[in-house]
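Pasted below: protein_10.txt, compact mmCIF, C-alpha atoms and all ligand atoms.
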# COMPACT_ATOMS: atom_id res chain seq x y z
CA MET E 238 -25.78 34.31 16.99
CA SER E 239 -26.88 37.94 16.66
CA GLU E 240 -25.85 40.69 19.05
CA PHE E 241 -27.56 40.92 22.39
CA ARG E 242 -27.50 43.05 25.48
CA ALA E 243 -25.75 41.24 28.33
CA GLY E 244 -27.69 41.12 31.58
CA SER E 245 -25.93 41.83 34.88
CA VAL E 246 -24.52 38.96 36.95
CA ALA E 247 -27.61 39.06 39.18
CA GLN E 248 -29.98 39.01 36.18
CA VAL E 249 -28.18 36.13 34.48
CA SER E 250 -28.14 34.11 37.69
CA TYR E 251 -31.87 34.79 38.30
CA LEU E 252 -32.50 33.42 34.79
CA ASP E 253 -30.52 30.29 35.66
CA GLU E 254 -32.63 29.83 38.81
CA LEU E 255 -35.88 30.26 36.87
CA VAL E 256 -34.75 27.69 34.32
CA ASP E 257 -33.59 25.24 37.01
CA ALA E 258 -36.98 25.57 38.72
CA GLY E 259 -38.80 24.84 35.45
CA LEU E 260 -40.49 28.24 35.46
CA LEU E 261 -38.91 29.21 32.13
CA THR E 262 -37.34 27.04 29.44
CA ARG E 263 -34.75 28.42 27.02
CA THR E 264 -35.25 28.22 23.27
CA GLY E 265 -31.72 29.06 22.14
CA VAL E 266 -32.76 32.61 21.21
CA HIS E 267 -32.12 35.27 23.87
CA GLY E 268 -35.33 36.68 25.28
CA VAL E 269 -37.61 33.95 23.90
CA TYR E 270 -38.77 31.38 26.47
CA ALA E 271 -41.34 28.71 27.04
CA ARG E 272 -43.33 29.30 30.21
CA GLY E 273 -43.78 26.42 32.63
CA GLY E 274 -47.06 25.63 34.39
CA ALA E 275 -46.37 27.52 37.63
CA PHE E 276 -45.17 30.62 35.78
CA GLU E 277 -48.22 30.65 33.53
CA HIS E 278 -50.55 30.02 36.45
CA VAL E 279 -49.26 33.18 38.16
CA ARG E 280 -49.28 35.24 34.95
CA LEU E 281 -52.91 34.33 34.26
CA ALA E 282 -53.86 34.95 37.89
CA PHE E 283 -52.40 38.44 37.58
CA ASP E 284 -54.23 38.93 34.28
CA SER E 285 -57.50 38.12 36.08
CA LEU E 286 -56.61 40.57 38.84
CA VAL E 287 -56.31 43.31 36.20
CA THR E 288 -59.70 42.26 34.84
CA ARG E 289 -61.20 42.70 38.31
CA ALA E 290 -59.47 46.06 38.80
CA ALA E 291 -60.84 47.38 35.48
CA ALA E 292 -64.32 45.84 35.82
CA ALA E 293 -65.96 48.99 37.20
CA GLU E 294 -65.33 50.88 33.97
CA THR E 295 -66.59 47.95 31.81
CA PRO E 296 -63.92 48.17 29.11
CA GLU E 297 -64.88 46.67 25.78
CA PRO E 298 -62.73 43.62 24.96
CA LEU E 299 -61.01 43.92 21.58
CA TYR E 300 -58.45 41.13 21.31
CA PHE E 301 -56.11 41.26 18.34
CA PRO E 302 -53.61 38.62 17.19
CA PRO E 303 -49.93 39.56 17.63
CA ILE E 304 -49.77 40.84 14.05
CA LEU E 305 -50.40 44.33 12.68
CA PRO E 306 -51.17 45.29 9.11
CA ARG E 307 -47.82 46.67 7.85
CA GLU E 308 -49.54 49.88 6.78
CA GLN E 309 -50.38 50.66 10.42
CA LEU E 310 -46.72 50.50 11.43
CA GLU E 311 -45.88 52.75 8.50
CA THR E 312 -48.46 55.41 9.40
CA SER E 313 -48.16 55.29 13.20
CA GLY E 314 -44.66 56.79 13.29
CA TYR E 315 -43.19 53.65 14.93
CA LEU E 316 -40.47 53.21 12.31
CA GLY E 317 -39.28 56.76 12.93
CA SER E 318 -39.15 56.38 16.70
CA PHE E 319 -38.22 52.69 17.17
CA PRO E 320 -36.80 51.25 13.93
CA HIS E 321 -34.46 49.10 16.05
CA LEU E 322 -37.32 47.34 17.88
CA ALA E 323 -39.66 46.51 15.00
CA GLY E 324 -40.15 42.95 13.82
CA THR E 325 -41.41 42.34 10.29
CA VAL E 326 -42.99 39.34 8.58
CA PHE E 327 -41.51 38.14 5.31
CA GLY E 328 -42.63 35.21 3.19
CA PHE E 329 -41.36 33.13 0.29
CA GLU E 330 -42.39 34.06 -3.22
CA GLY E 331 -40.69 32.13 -5.97
CA ASP E 332 -40.57 29.10 -8.25
CA GLU E 333 -39.36 25.59 -7.56
CA GLN E 334 -35.78 26.47 -8.39
CA ALA E 335 -35.85 29.36 -5.93
CA ALA E 336 -37.39 27.07 -3.28
CA SER E 337 -34.61 24.56 -3.66
CA ASP E 338 -31.90 27.25 -3.63
CA GLN E 339 -33.45 28.68 -0.49
CA LEU E 340 -33.55 25.26 1.14
CA GLU E 341 -29.93 24.61 0.31
CA LEU E 342 -28.80 27.84 1.95
CA ALA E 343 -31.12 27.33 4.92
CA THR E 344 -29.87 23.79 5.47
CA ARG E 345 -26.35 25.19 5.72
CA HIS E 346 -27.69 27.98 8.03
CA GLU E 347 -26.51 30.58 5.55
CA ASP E 348 -28.35 33.76 4.54
CA TRP E 349 -31.55 32.89 2.63
CA SER E 350 -33.16 36.32 3.01
CA GLY E 351 -32.75 36.97 -0.74
CA PHE E 352 -35.70 34.63 -1.37
CA GLN E 353 -37.96 36.34 1.14
CA HIS E 354 -40.34 39.17 0.33
CA MET E 355 -42.09 41.67 2.52
CA THR E 356 -45.66 40.72 3.38
CA ASP E 357 -48.47 43.05 4.39
CA MET E 358 -47.92 42.17 8.08
CA VAL E 359 -45.53 43.09 10.88
CA LEU E 360 -45.33 41.91 14.49
CA ALA E 361 -47.31 44.02 16.97
CA PRO E 362 -44.93 46.07 19.17
CA ALA E 363 -47.61 47.14 21.69
CA ALA E 364 -51.01 45.76 22.56
CA CYS E 365 -52.86 49.05 22.09
CA TYR E 366 -51.63 49.87 18.56
CA PRO E 367 -54.33 48.08 16.54
CA LEU E 368 -57.13 49.54 18.69
CA TYR E 369 -56.89 53.15 17.49
CA PRO E 370 -57.45 52.49 13.75
CA ALA E 371 -60.16 49.95 14.67
CA ALA E 372 -61.97 52.56 16.78
CA ALA E 373 -61.56 55.17 14.02
CA LYS E 374 -63.26 52.89 11.49
CA ARG E 375 -66.44 53.02 13.58
CA GLY E 376 -66.83 56.76 12.98
CA PRO E 377 -66.92 59.49 15.66
CA LEU E 378 -66.68 58.29 19.25
CA PRO E 379 -69.80 57.98 21.36
CA GLU E 380 -70.46 60.74 23.92
CA GLY E 381 -67.95 60.18 26.78
CA GLY E 382 -65.51 58.28 24.53
CA LEU E 383 -64.48 54.66 24.69
CA THR E 384 -62.63 52.38 27.09
CA LEU E 385 -61.10 49.27 25.52
CA ASP E 386 -59.28 46.21 26.82
CA THR E 387 -56.57 44.48 24.75
CA GLY E 388 -56.63 41.22 26.73
CA ASP E 389 -53.28 39.52 27.34
CA ALA E 390 -51.70 40.23 23.99
CA PHE E 391 -48.34 38.92 22.80
CA VAL E 392 -46.11 41.74 21.57
CA PHE E 393 -42.69 41.65 19.95
CA ARG E 394 -39.68 43.90 20.42
CA ARG E 395 -36.29 43.18 18.93
CA GLU E 396 -34.23 43.56 22.08
CA PRO E 397 -32.37 40.29 22.69
CA SER E 398 -30.87 40.14 26.15
CA THR E 399 -29.76 37.70 28.82
CA ASP E 400 -31.74 39.71 31.39
CA PRO E 401 -34.85 37.53 31.92
CA ALA E 402 -36.97 40.69 32.29
CA ARG E 403 -36.04 41.86 28.79
CA MET E 404 -37.84 39.50 26.47
CA GLN E 405 -38.34 39.74 22.73
CA ILE E 406 -41.87 38.43 22.94
CA PHE E 407 -44.09 38.86 25.98
CA HIS E 408 -47.64 39.57 27.11
CA MET E 409 -48.85 43.11 27.51
CA ARG E 410 -52.26 43.77 29.00
CA GLU E 411 -53.59 47.22 28.32
CA ILE E 412 -56.65 49.21 29.23
CA VAL E 413 -57.05 52.02 26.72
CA ARG E 414 -59.01 55.27 27.03
CA ILE E 415 -60.07 57.29 24.01
CA GLY E 416 -61.92 60.59 24.37
CA ASP E 417 -61.35 64.30 24.81
CA ARG E 418 -58.25 65.62 26.55
CA GLU E 419 -59.83 66.16 29.98
CA THR E 420 -61.45 62.72 30.01
CA VAL E 421 -58.20 60.94 29.15
CA LEU E 422 -56.14 62.95 31.64
CA ALA E 423 -58.61 62.36 34.48
CA TRP E 424 -58.73 58.62 33.66
CA ARG E 425 -54.97 58.47 33.66
CA GLY E 426 -54.84 60.08 37.10
CA GLU E 427 -57.27 57.48 38.46
CA TRP E 428 -55.23 54.59 37.08
CA ARG E 429 -52.08 56.00 38.59
CA SER E 430 -53.32 55.26 42.09
CA ARG E 431 -55.30 52.18 41.07
CA ALA E 432 -52.30 50.50 39.43
CA GLU E 433 -50.07 51.39 42.34
CA GLU E 434 -52.55 49.96 44.87
CA LEU E 435 -53.00 46.83 42.78
CA LEU E 436 -49.27 46.07 42.65
CA ARG E 437 -48.68 47.08 46.27
CA SER E 438 -51.40 44.65 47.31
CA LEU E 439 -49.14 41.92 45.88
CA GLU E 440 -46.52 43.06 48.37
CA LEU E 441 -44.08 44.27 45.75
CA GLU E 442 -41.63 47.02 46.65
CA LEU E 443 -42.74 49.74 44.25
CA GLU E 444 -41.39 52.98 42.87
CA LEU E 445 -43.30 55.35 40.64
CA ASP E 446 -41.30 57.42 38.18
CA VAL E 447 -41.72 59.66 35.18
CA ALA E 448 -40.13 57.84 32.26
CA SER E 449 -39.27 57.98 28.58
CA ASP E 450 -39.17 55.47 25.74
CA PRO E 451 -35.93 54.25 24.09
CA PHE E 452 -36.34 56.48 21.00
CA PHE E 453 -33.79 55.84 18.25
CA GLY E 454 -30.83 58.08 17.42
CA ARG E 455 -30.01 61.71 18.07
CA VAL E 456 -33.48 63.06 17.34
CA GLY E 457 -34.72 60.33 19.66
CA ARG E 458 -32.87 61.86 22.60
CA LEU E 459 -34.81 65.08 22.08
CA LEU E 460 -38.09 63.19 21.84
CA ALA E 461 -37.30 61.33 25.07
CA ALA E 462 -36.51 64.62 26.86
CA GLN E 463 -39.79 66.13 25.63
CA GLN E 464 -41.73 63.05 26.73
CA ARG E 465 -40.27 63.39 30.20
CA ASP E 466 -40.82 67.16 30.44
CA GLN E 467 -44.46 66.75 29.54
CA GLU E 468 -44.82 63.71 31.82
CA LEU E 469 -46.38 61.70 29.00
CA LYS E 470 -45.13 58.44 30.47
CA TRP E 471 -44.86 57.14 33.99
CA GLU E 472 -43.81 53.71 35.17
CA LEU E 473 -44.16 51.54 38.23
CA LEU E 474 -40.89 49.78 38.97
CA ALA E 475 -40.20 46.77 41.19
CA PRO E 476 -37.10 44.72 41.98
CA VAL E 477 -36.58 41.70 39.72
CA ALA E 478 -32.85 40.95 39.92
CA GLY E 479 -29.96 43.16 41.00
CA ASP E 480 -30.02 46.65 42.50
CA LYS E 481 -31.97 48.50 39.84
CA PRO E 482 -35.74 48.03 39.79
CA THR E 483 -37.51 47.15 36.50
CA ALA E 484 -40.60 48.79 34.96
CA ILE E 485 -43.47 46.33 35.41
CA ALA E 486 -46.30 48.64 34.37
CA SER E 487 -46.52 51.92 32.51
CA SER E 488 -48.98 54.55 31.46
CA ASN E 489 -48.69 56.49 28.23
CA TYR E 490 -50.51 59.63 27.14
CA HIS E 491 -50.28 60.07 23.36
CA GLN E 492 -52.10 63.42 23.30
CA ASP E 493 -53.90 63.64 19.94
CA HIS E 494 -51.22 61.68 18.01
CA PHE E 495 -53.43 58.68 17.19
CA GLY E 496 -56.49 60.91 16.82
CA LEU E 497 -54.73 62.85 14.05
CA THR E 498 -53.01 59.81 12.52
CA TYR E 499 -56.20 57.78 12.09
CA ASP E 500 -58.73 60.61 11.86
CA LEU E 501 -60.22 59.37 15.11
CA LYS E 502 -62.73 61.98 16.31
CA THR E 503 -64.66 62.70 19.48
CA ALA E 504 -68.45 63.10 19.40
CA ASP E 505 -67.79 66.87 18.95
CA GLY E 506 -65.67 66.24 15.87
CA GLU E 507 -62.33 67.11 17.54
CA PRO E 508 -59.25 64.86 17.16
CA ALA E 509 -59.46 62.31 19.99
CA HIS E 510 -56.84 62.07 22.72
CA THR E 511 -55.69 58.63 23.83
CA GLY E 512 -53.99 57.08 26.83
CA CYS E 513 -53.18 53.56 27.89
CA MET E 514 -52.37 51.67 31.07
CA ALA E 515 -50.03 48.77 30.27
CA PHE E 516 -48.98 45.86 32.46
CA GLY E 517 -45.97 43.78 31.44
CA GLU E 518 -47.30 40.40 32.59
CA GLU E 519 -44.04 38.44 32.46
CA ARG E 520 -42.27 41.22 34.35
CA VAL E 521 -44.94 41.30 37.06
CA THR E 522 -44.64 37.51 37.32
CA LEU E 523 -40.84 37.70 37.52
CA ALA E 524 -41.09 40.39 40.22
CA LEU E 525 -43.50 38.19 42.20
CA PHE E 526 -41.20 35.14 42.05
CA SER E 527 -38.30 37.38 43.01
CA ALA E 528 -40.12 38.91 45.99
CA HIS E 529 -41.84 35.81 47.34
CA GLY E 530 -39.65 32.90 46.23
CA LEU E 531 -39.73 30.36 43.41
CA ASP E 532 -42.29 28.08 45.08
CA VAL E 533 -45.80 29.57 44.81
CA ASN E 534 -47.01 27.34 47.65
CA GLU E 535 -44.66 29.17 50.01
CA TRP E 536 -45.91 32.66 49.14
CA PRO E 537 -47.60 34.78 51.83
CA SER E 538 -51.25 33.75 52.06
CA SER E 539 -52.31 37.41 51.63
CA VAL E 540 -50.67 37.46 48.18
CA ARG E 541 -52.08 34.06 47.21
CA GLU E 542 -55.56 35.21 48.23
CA LYS E 543 -55.30 38.48 46.34
CA LEU E 544 -54.34 36.53 43.19
CA GLU E 545 -56.95 33.87 43.97
CA LEU E 546 -54.20 31.26 43.56
CA ARG E 547 -55.38 27.78 44.41
P1 LIG E 601 -44.00 50.16 27.14
O1 LIG E 601 -44.97 50.21 25.99
O2 LIG E 601 -42.58 50.19 26.70
O3 LIG E 601 -44.33 51.15 28.20
O4 LIG E 601 -44.19 48.71 27.76
C1 LIG E 601 -45.30 48.36 28.56
C2 LIG E 601 -44.86 47.38 29.62
O5 LIG E 601 -44.38 46.19 28.97
C3 LIG E 601 -43.69 47.86 30.46
O6 LIG E 601 -44.14 48.58 31.60
C4 LIG E 601 -43.03 46.56 30.86
O7 LIG E 601 -43.65 46.06 32.03
C5 LIG E 601 -43.33 45.62 29.71
N1 LIG E 601 -42.15 45.46 28.84
C6 LIG E 601 -41.59 46.38 28.01
N2 LIG E 601 -40.54 45.86 27.35
C7 LIG E 601 -40.41 44.58 27.78
C8 LIG E 601 -39.51 43.51 27.47
N3 LIG E 601 -38.53 43.65 26.58
N4 LIG E 601 -39.69 42.32 28.09
C9 LIG E 601 -40.69 42.15 28.98
N5 LIG E 601 -41.56 43.12 29.32
C10 LIG E 601 -41.43 44.32 28.73
ZN ZN E 602 -50.35 51.34 24.88
Would you mind writing the file's structure down as structure tokens?
Amino acid sequence: MSEFRAGSVAQVSYLDELVDAGLLTRTGVHGVYARGGAFEHVRLAFDSLVTRAAAAETPEPLYFPPILPREQLETSGYLGSFPHLAGTVFGFEGDEQAASDQLELATRHEDWSGFQHMTDMVLAPAACYPLYPAAAKRGPLPEGGLTLDTGDAFVFRREPSTDPARMQIFHMREIVRIGDRETVLAWRGEWRSRAEELLRSLELELELDVASDPFFGRVGRLLAAQQRDQELKWELLAPVAGDKPTAIASSNYHQDHFGLTYDLKTADGEPAHTGCMAFGEERVTLALFSAHGLDVNEWPSSVREKLELR
């Protein structure tokens, strides 16, 4: 088995409880689970709550599969910042002899990567990534910019762990704003209180904090410090297991990075600024089960009503 990050005692025992209760089922790969009915019911109820919270700004739904064209990963800068998290898609290209050699190695669980070739796809590491090039292809933004909704998108990050809150594949729901700087910053400010209210209404113990991404390597440490100094990322954290709270939602401001990368322009012809509000749906669900117990029927009626759980 490949290397993984060990969860704390509290995290590992919360995972055991979730599995015993049938909320999650292990697959044999750390951080990859099947979701049971009650877990999924709560996750989808939360997803609908986000839909209601965003309804006033009528975001345009743009739902991508959990795959990105490889070229987008190559141009977005992701491989520079997070080479350790990226997941790629390879496929077999070869003759019958190669197929049988591959099978022989695979049957013995030995390394058969020599028969695999890079395809033109990678796994999507964030729900909002495919939206920027898609918006750019439409030409300059309309007056006032665009607000988009990713839906509950599966995303992949290569971070195997025995902490149930650190999955390798999970649902991210993002509302994305594209426009000029002032528009995006004002929108981000509004979502800061809206997201906090939304999660507080579920009676979660919340903390809001300026944050940074796990950039790779030495240069990465500088990037993370810059991101913090400029307050480009903030997170809402809630208890899941153990003493340290976990980020269940985050907001990112990319400045004009995607505008410049994809030649995405405002109605005035300036490089667009972009920001996104992301909810980690499995983490929110895990925080809810942690706060209110593993049996949804026993949850406070206020929380059940808010989520319209029946
Ligand atoms: P990020 O793009 O890193 O800000 O992630 C957006 C949201 O996804 C975070 O606020 C978390 O709630 C969630 N998230 C990030 N990484 C993971 C993970 N490994 N497992 C589960 N949820 C995650
Ligand atoms: Zn995003």
Enumerate, in order of chain and increasing residue number, the residues of chain E with an atom no farther than 6 Å from ligand ZN 602 (chain E), each with its shortest atom pair and distance in Å to one decimal, counting only C-alpha atoms and all ligand atoms, as CSV.
residue,atom,partner,partner_atom,distance
E:Ala363,CA,E:ZN602,ZN,5.9
E:Cys365,CA,E:ZN602,ZN,4.4
E:Cys513,CA,E:ZN602,ZN,4.7
E:Ala515,CA,E:ZN602,ZN,6.0
_Using only C-alpha atoms and all ligand atoms, which residues of the polymer chains come no farther than 6 Å from ligand LIG 601 (chain E)? I'd like the answer as a PyMOL selection string._
chain E and resi 363+402-405+407+409+484-487+515-517+520
_Which residue of E:Phe352, E:Phe329, E:Tyr366, E:Tyr251 approaches E:Ile304 most closely, using only C-alpha atoms_ =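 The shortest atom-to-atom distance to E:Ile304 comes from E:Tyr366.
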Stretch 384-388 of chain E: axis-aligned bounding box, 3 Å on each side, centre and edge lengths in Å, one decimal, as AutoDock Vina command-line options:
--center_x -59.6 --center_y 46.8 --center_z 25.9 --size_x 12.1 --size_y 17.2 --size_z 8.3
_To one decimal place in Å, what is the distance between atom CA of E:Thr344 and atom CA of E:Val326?_
20.6 Å
_Spatial neighbours of stretch 430-442 of chain E, 7 Å, all atoms listed in the file, chain gap at least 5 places, as a list of chain:residue names_ =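 Contacts, with the query itself left out: E:Ala475, E:Pro476, E:Ala528, E:Val540.
What separates atom CA of E:Asp417 from atom CA of E:Gly382 is a distance of 7.3 Å.
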At a cut-off of 12 Å, can you tabulate as CSV every residue of stretch 278-367 of chain E near stretch 492-495 of chain E together with its closest atom pair and the distance in Å to one decimal, using all atoms listed in the file and ordering rows by chain then number?
residue,atom,partner,partner_atom,distance
E:Gln309,CA,E:Phe495,CA,10.9
E:Thr312,CA,E:Phe495,CA,9.8
E:Ser313,CA,E:Phe495,CA,7.4
E:Gly314,CA,E:His494,CA,9.4
E:Tyr315,CA,E:Phe495,CA,11.6
E:Cys365,CA,E:Phe495,CA,10.8
E:Tyr366,CA,E:Phe495,CA,9.1
E:Pro367,CA,E:Phe495,CA,10.7
_I need the residue nearest E:Asp532 from this list: E:Glu341, E:Arg425, E:Gly259, E:Phe452. Use all atoms listed in the file for the distance._
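Comparing E:Glu341, E:Arg425, E:Gly259, E:Phe452 against E:Asp532, the winner is E:Gly259.
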Could you add N, CA and C atoms to stretch 465-497 of chain E and give me the result as a PDB file, in the frame of the given file?
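selection-v8.pdb, written as the output of this step:
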ATOM      1  N   ARG E 465     -40.458  63.256  28.767  1.00  0.00           N
ATOM      2  CA  ARG E 465     -40.270  63.390  30.200  1.00  0.00           C
ATOM      3  C   ARG E 465     -40.787  64.729  30.716  1.00  0.00           C
ATOM      4  N   ASP E 466     -40.404  65.817  30.013  1.00  0.00           N
ATOM      5  CA  ASP E 466     -40.820  67.160  30.440  1.00  0.00           C
ATOM      6  C   ASP E 466     -42.327  67.265  30.529  1.00  0.00           C
ATOM      7  N   GLN E 467     -43.001  66.643  29.576  1.00  0.00           N
ATOM      8  CA  GLN E 467     -44.460  66.750  29.540  1.00  0.00           C
ATOM      9  C   GLN E 467     -45.146  65.651  30.346  1.00  0.00           C
ATOM     10  N   GLU E 468     -44.317  64.827  31.002  1.00  0.00           N
ATOM     11  CA  GLU E 468     -44.820  63.710  31.820  1.00  0.00           C
ATOM     12  C   GLU E 468     -45.832  62.859  31.066  1.00  0.00           C
ATOM     13  N   LEU E 469     -45.468  62.498  29.834  1.00  0.00           N
ATOM     14  CA  LEU E 469     -46.380  61.700  29.000  1.00  0.00           C
ATOM     15  C   LEU E 469     -46.331  60.227  29.378  1.00  0.00           C
ATOM     16  N   LYS E 470     -45.266  59.846  30.092  1.00  0.00           N
ATOM     17  CA  LYS E 470     -45.130  58.440  30.470  1.00  0.00           C
ATOM     18  C   LYS E 470     -44.712  58.336  31.928  1.00  0.00           C
ATOM     19  N   TRP E 471     -45.382  57.498  32.678  1.00  0.00           N
ATOM     20  CA  TRP E 471     -44.860  57.140  33.990  1.00  0.00           C
ATOM     21  C   TRP E 471     -44.846  55.626  34.123  1.00  0.00           C
ATOM     22  N   GLU E 472     -43.986  55.163  35.004  1.00  0.00           N
ATOM     23  CA  GLU E 472     -43.810  53.710  35.170  1.00  0.00           C
ATOM     24  C   GLU E 472     -43.863  53.338  36.644  1.00  0.00           C
ATOM     25  N   LEU E 473     -44.284  52.123  36.895  1.00  0.00           N
ATOM     26  CA  LEU E 473     -44.160  51.540  38.230  1.00  0.00           C
ATOM     27  C   LEU E 473     -43.044  50.517  38.138  1.00  0.00           C
ATOM     28  N   LEU E 474     -42.060  50.654  39.022  1.00  0.00           N
ATOM     29  CA  LEU E 474     -40.890  49.780  38.970  1.00  0.00           C
ATOM     30  C   LEU E 474     -40.831  48.910  40.219  1.00  0.00           C
ATOM     31  N   ALA E 475     -40.353  47.698  40.051  1.00  0.00           N
ATOM     32  CA  ALA E 475     -40.200  46.770  41.190  1.00  0.00           C
ATOM     33  C   ALA E 475     -38.905  45.996  41.007  1.00  0.00           C
ATOM     34  N   PRO E 476     -38.328  45.514  42.104  1.00  0.00           N
ATOM     35  CA  PRO E 476     -37.100  44.720  41.980  1.00  0.00           C
ATOM     36  C   PRO E 476     -37.381  43.398  41.262  1.00  0.00           C
ATOM     37  N   VAL E 477     -36.502  43.033  40.339  1.00  0.00           N
ATOM     38  CA  VAL E 477     -36.580  41.700  39.720  1.00  0.00           C
ATOM     39  C   VAL E 477     -35.280  40.966  40.023  1.00  0.00           C
ATOM     40  N   ALA E 478     -34.158  41.517  39.578  1.00  0.00           N
ATOM     41  CA  ALA E 478     -32.850  40.950  39.920  1.00  0.00           C
ATOM     42  C   ALA E 478     -31.835  42.079  39.923  1.00  0.00           C
ATOM     43  N   GLY E 479     -30.964  42.106  40.912  1.00  0.00           N
ATOM     44  CA  GLY E 479     -29.960  43.160  41.000  1.00  0.00           C
ATOM     45  C   GLY E 479     -30.504  44.381  41.712  1.00  0.00           C
ATOM     46  N   ASP E 480     -29.696  45.463  41.695  1.00  0.00           N
ATOM     47  CA  ASP E 480     -30.020  46.650  42.500  1.00  0.00           C
ATOM     48  C   ASP E 480     -31.077  47.524  41.854  1.00  0.00           C
ATOM     49  N   LYS E 481     -31.072  47.546  40.507  1.00  0.00           N
ATOM     50  CA  LYS E 481     -31.970  48.500  39.840  1.00  0.00           C
ATOM     51  C   LYS E 481     -33.337  47.883  39.599  1.00  0.00           C
ATOM     52  N   PRO E 482     -34.410  48.583  40.029  1.00  0.00           N
ATOM     53  CA  PRO E 482     -35.740  48.030  39.790  1.00  0.00           C
ATOM     54  C   PRO E 482     -36.122  48.093  38.305  1.00  0.00           C
ATOM     55  N   THR E 483     -37.093  47.275  37.905  1.00  0.00           N
ATOM     56  CA  THR E 483     -37.510  47.150  36.500  1.00  0.00           C
ATOM     57  C   THR E 483     -38.954  47.654  36.360  1.00  0.00           C
ATOM     58  N   ALA E 484     -39.236  48.297  35.223  1.00  0.00           N
ATOM     59  CA  ALA E 484     -40.600  48.790  34.960  1.00  0.00           C
ATOM     60  C   ALA E 484     -41.516  47.591  34.732  1.00  0.00           C
ATOM     61  N   ILE E 485     -42.544  47.449  35.577  1.00  0.00           N
ATOM     62  CA  ILE E 485     -43.470  46.330  35.410  1.00  0.00           C
ATOM     63  C   ILE E 485     -44.823  46.797  34.857  1.00  0.00           C
ATOM     64  N   ALA E 486     -45.060  48.094  34.920  1.00  0.00           N
ATOM     65  CA  ALA E 486     -46.300  48.640  34.370  1.00  0.00           C
ATOM     66  C   ALA E 486     -46.025  50.071  33.939  1.00  0.00           C
ATOM     67  N   SER E 487     -46.729  50.531  32.921  1.00  0.00           N
ATOM     68  CA  SER E 487     -46.520  51.920  32.510  1.00  0.00           C
ATOM     69  C   SER E 487     -47.785  52.518  31.923  1.00  0.00           C
ATOM     70  N   SER E 488     -47.833  53.828  32.007  1.00  0.00           N
ATOM     71  CA  SER E 488     -48.980  54.550  31.460  1.00  0.00           C
ATOM     72  C   SER E 488     -48.465  55.551  30.451  1.00  0.00           C
ATOM     73  N   ASN E 489     -49.095  55.574  29.299  1.00  0.00           N
ATOM     74  CA  ASN E 489     -48.690  56.490  28.230  1.00  0.00           C
ATOM     75  C   ASN E 489     -49.836  57.405  27.861  1.00  0.00           C
ATOM     76  N   TYR E 490     -49.525  58.676  27.653  1.00  0.00           N
ATOM     77  CA  TYR E 490     -50.510  59.630  27.140  1.00  0.00           C
ATOM     78  C   TYR E 490     -49.989  60.086  25.779  1.00  0.00           C
ATOM     79  N   HIS E 491     -50.749  59.790  24.721  1.00  0.00           N
ATOM     80  CA  HIS E 491     -50.280  60.070  23.360  1.00  0.00           C
ATOM     81  C   HIS E 491     -50.779  61.408  22.847  1.00  0.00           C
ATOM     82  N   GLN E 492     -51.425  62.183  23.720  1.00  0.00           N
ATOM     83  CA  GLN E 492     -52.100  63.420  23.300  1.00  0.00           C
ATOM     84  C   GLN E 492     -53.029  63.094  22.130  1.00  0.00           C
ATOM     85  N   ASP E 493     -52.988  63.930  21.062  1.00  0.00           N
ATOM     86  CA  ASP E 493     -53.900  63.640  19.940  1.00  0.00           C
ATOM     87  C   ASP E 493     -53.182  62.948  18.775  1.00  0.00           C
ATOM     88  N   HIS E 494     -52.017  62.326  19.072  1.00  0.00           N
ATOM     89  CA  HIS E 494     -51.220  61.680  18.010  1.00  0.00           C
ATOM     90  C   HIS E 494     -52.035  60.655  17.219  1.00  0.00           C
ATOM     91  N   PHE E 495     -52.667  59.719  17.912  1.00  0.00           N
ATOM     92  CA  PHE E 495     -53.430  58.680  17.190  1.00  0.00           C
ATOM     93  C   PHE E 495     -54.725  59.257  16.629  1.00  0.00           C
ATOM     94  N   GLY E 496     -55.285  60.236  17.313  1.00  0.00           N
ATOM     95  CA  GLY E 496     -56.490  60.910  16.820  1.00  0.00           C
ATOM     96  C   GLY E 496     -56.227  61.509  15.449  1.00  0.00           C
ATOM     97  N   LEU E 497     -55.081  62.206  15.332  1.00  0.00           N
ATOM     98  CA  LEU E 497     -54.730  62.850  14.050  1.00  0.00           C
ATOM     99  C   LEU E 497     -54.297  61.807  13.017  1.00  0.00           C
TER     100      LEU E 497
END
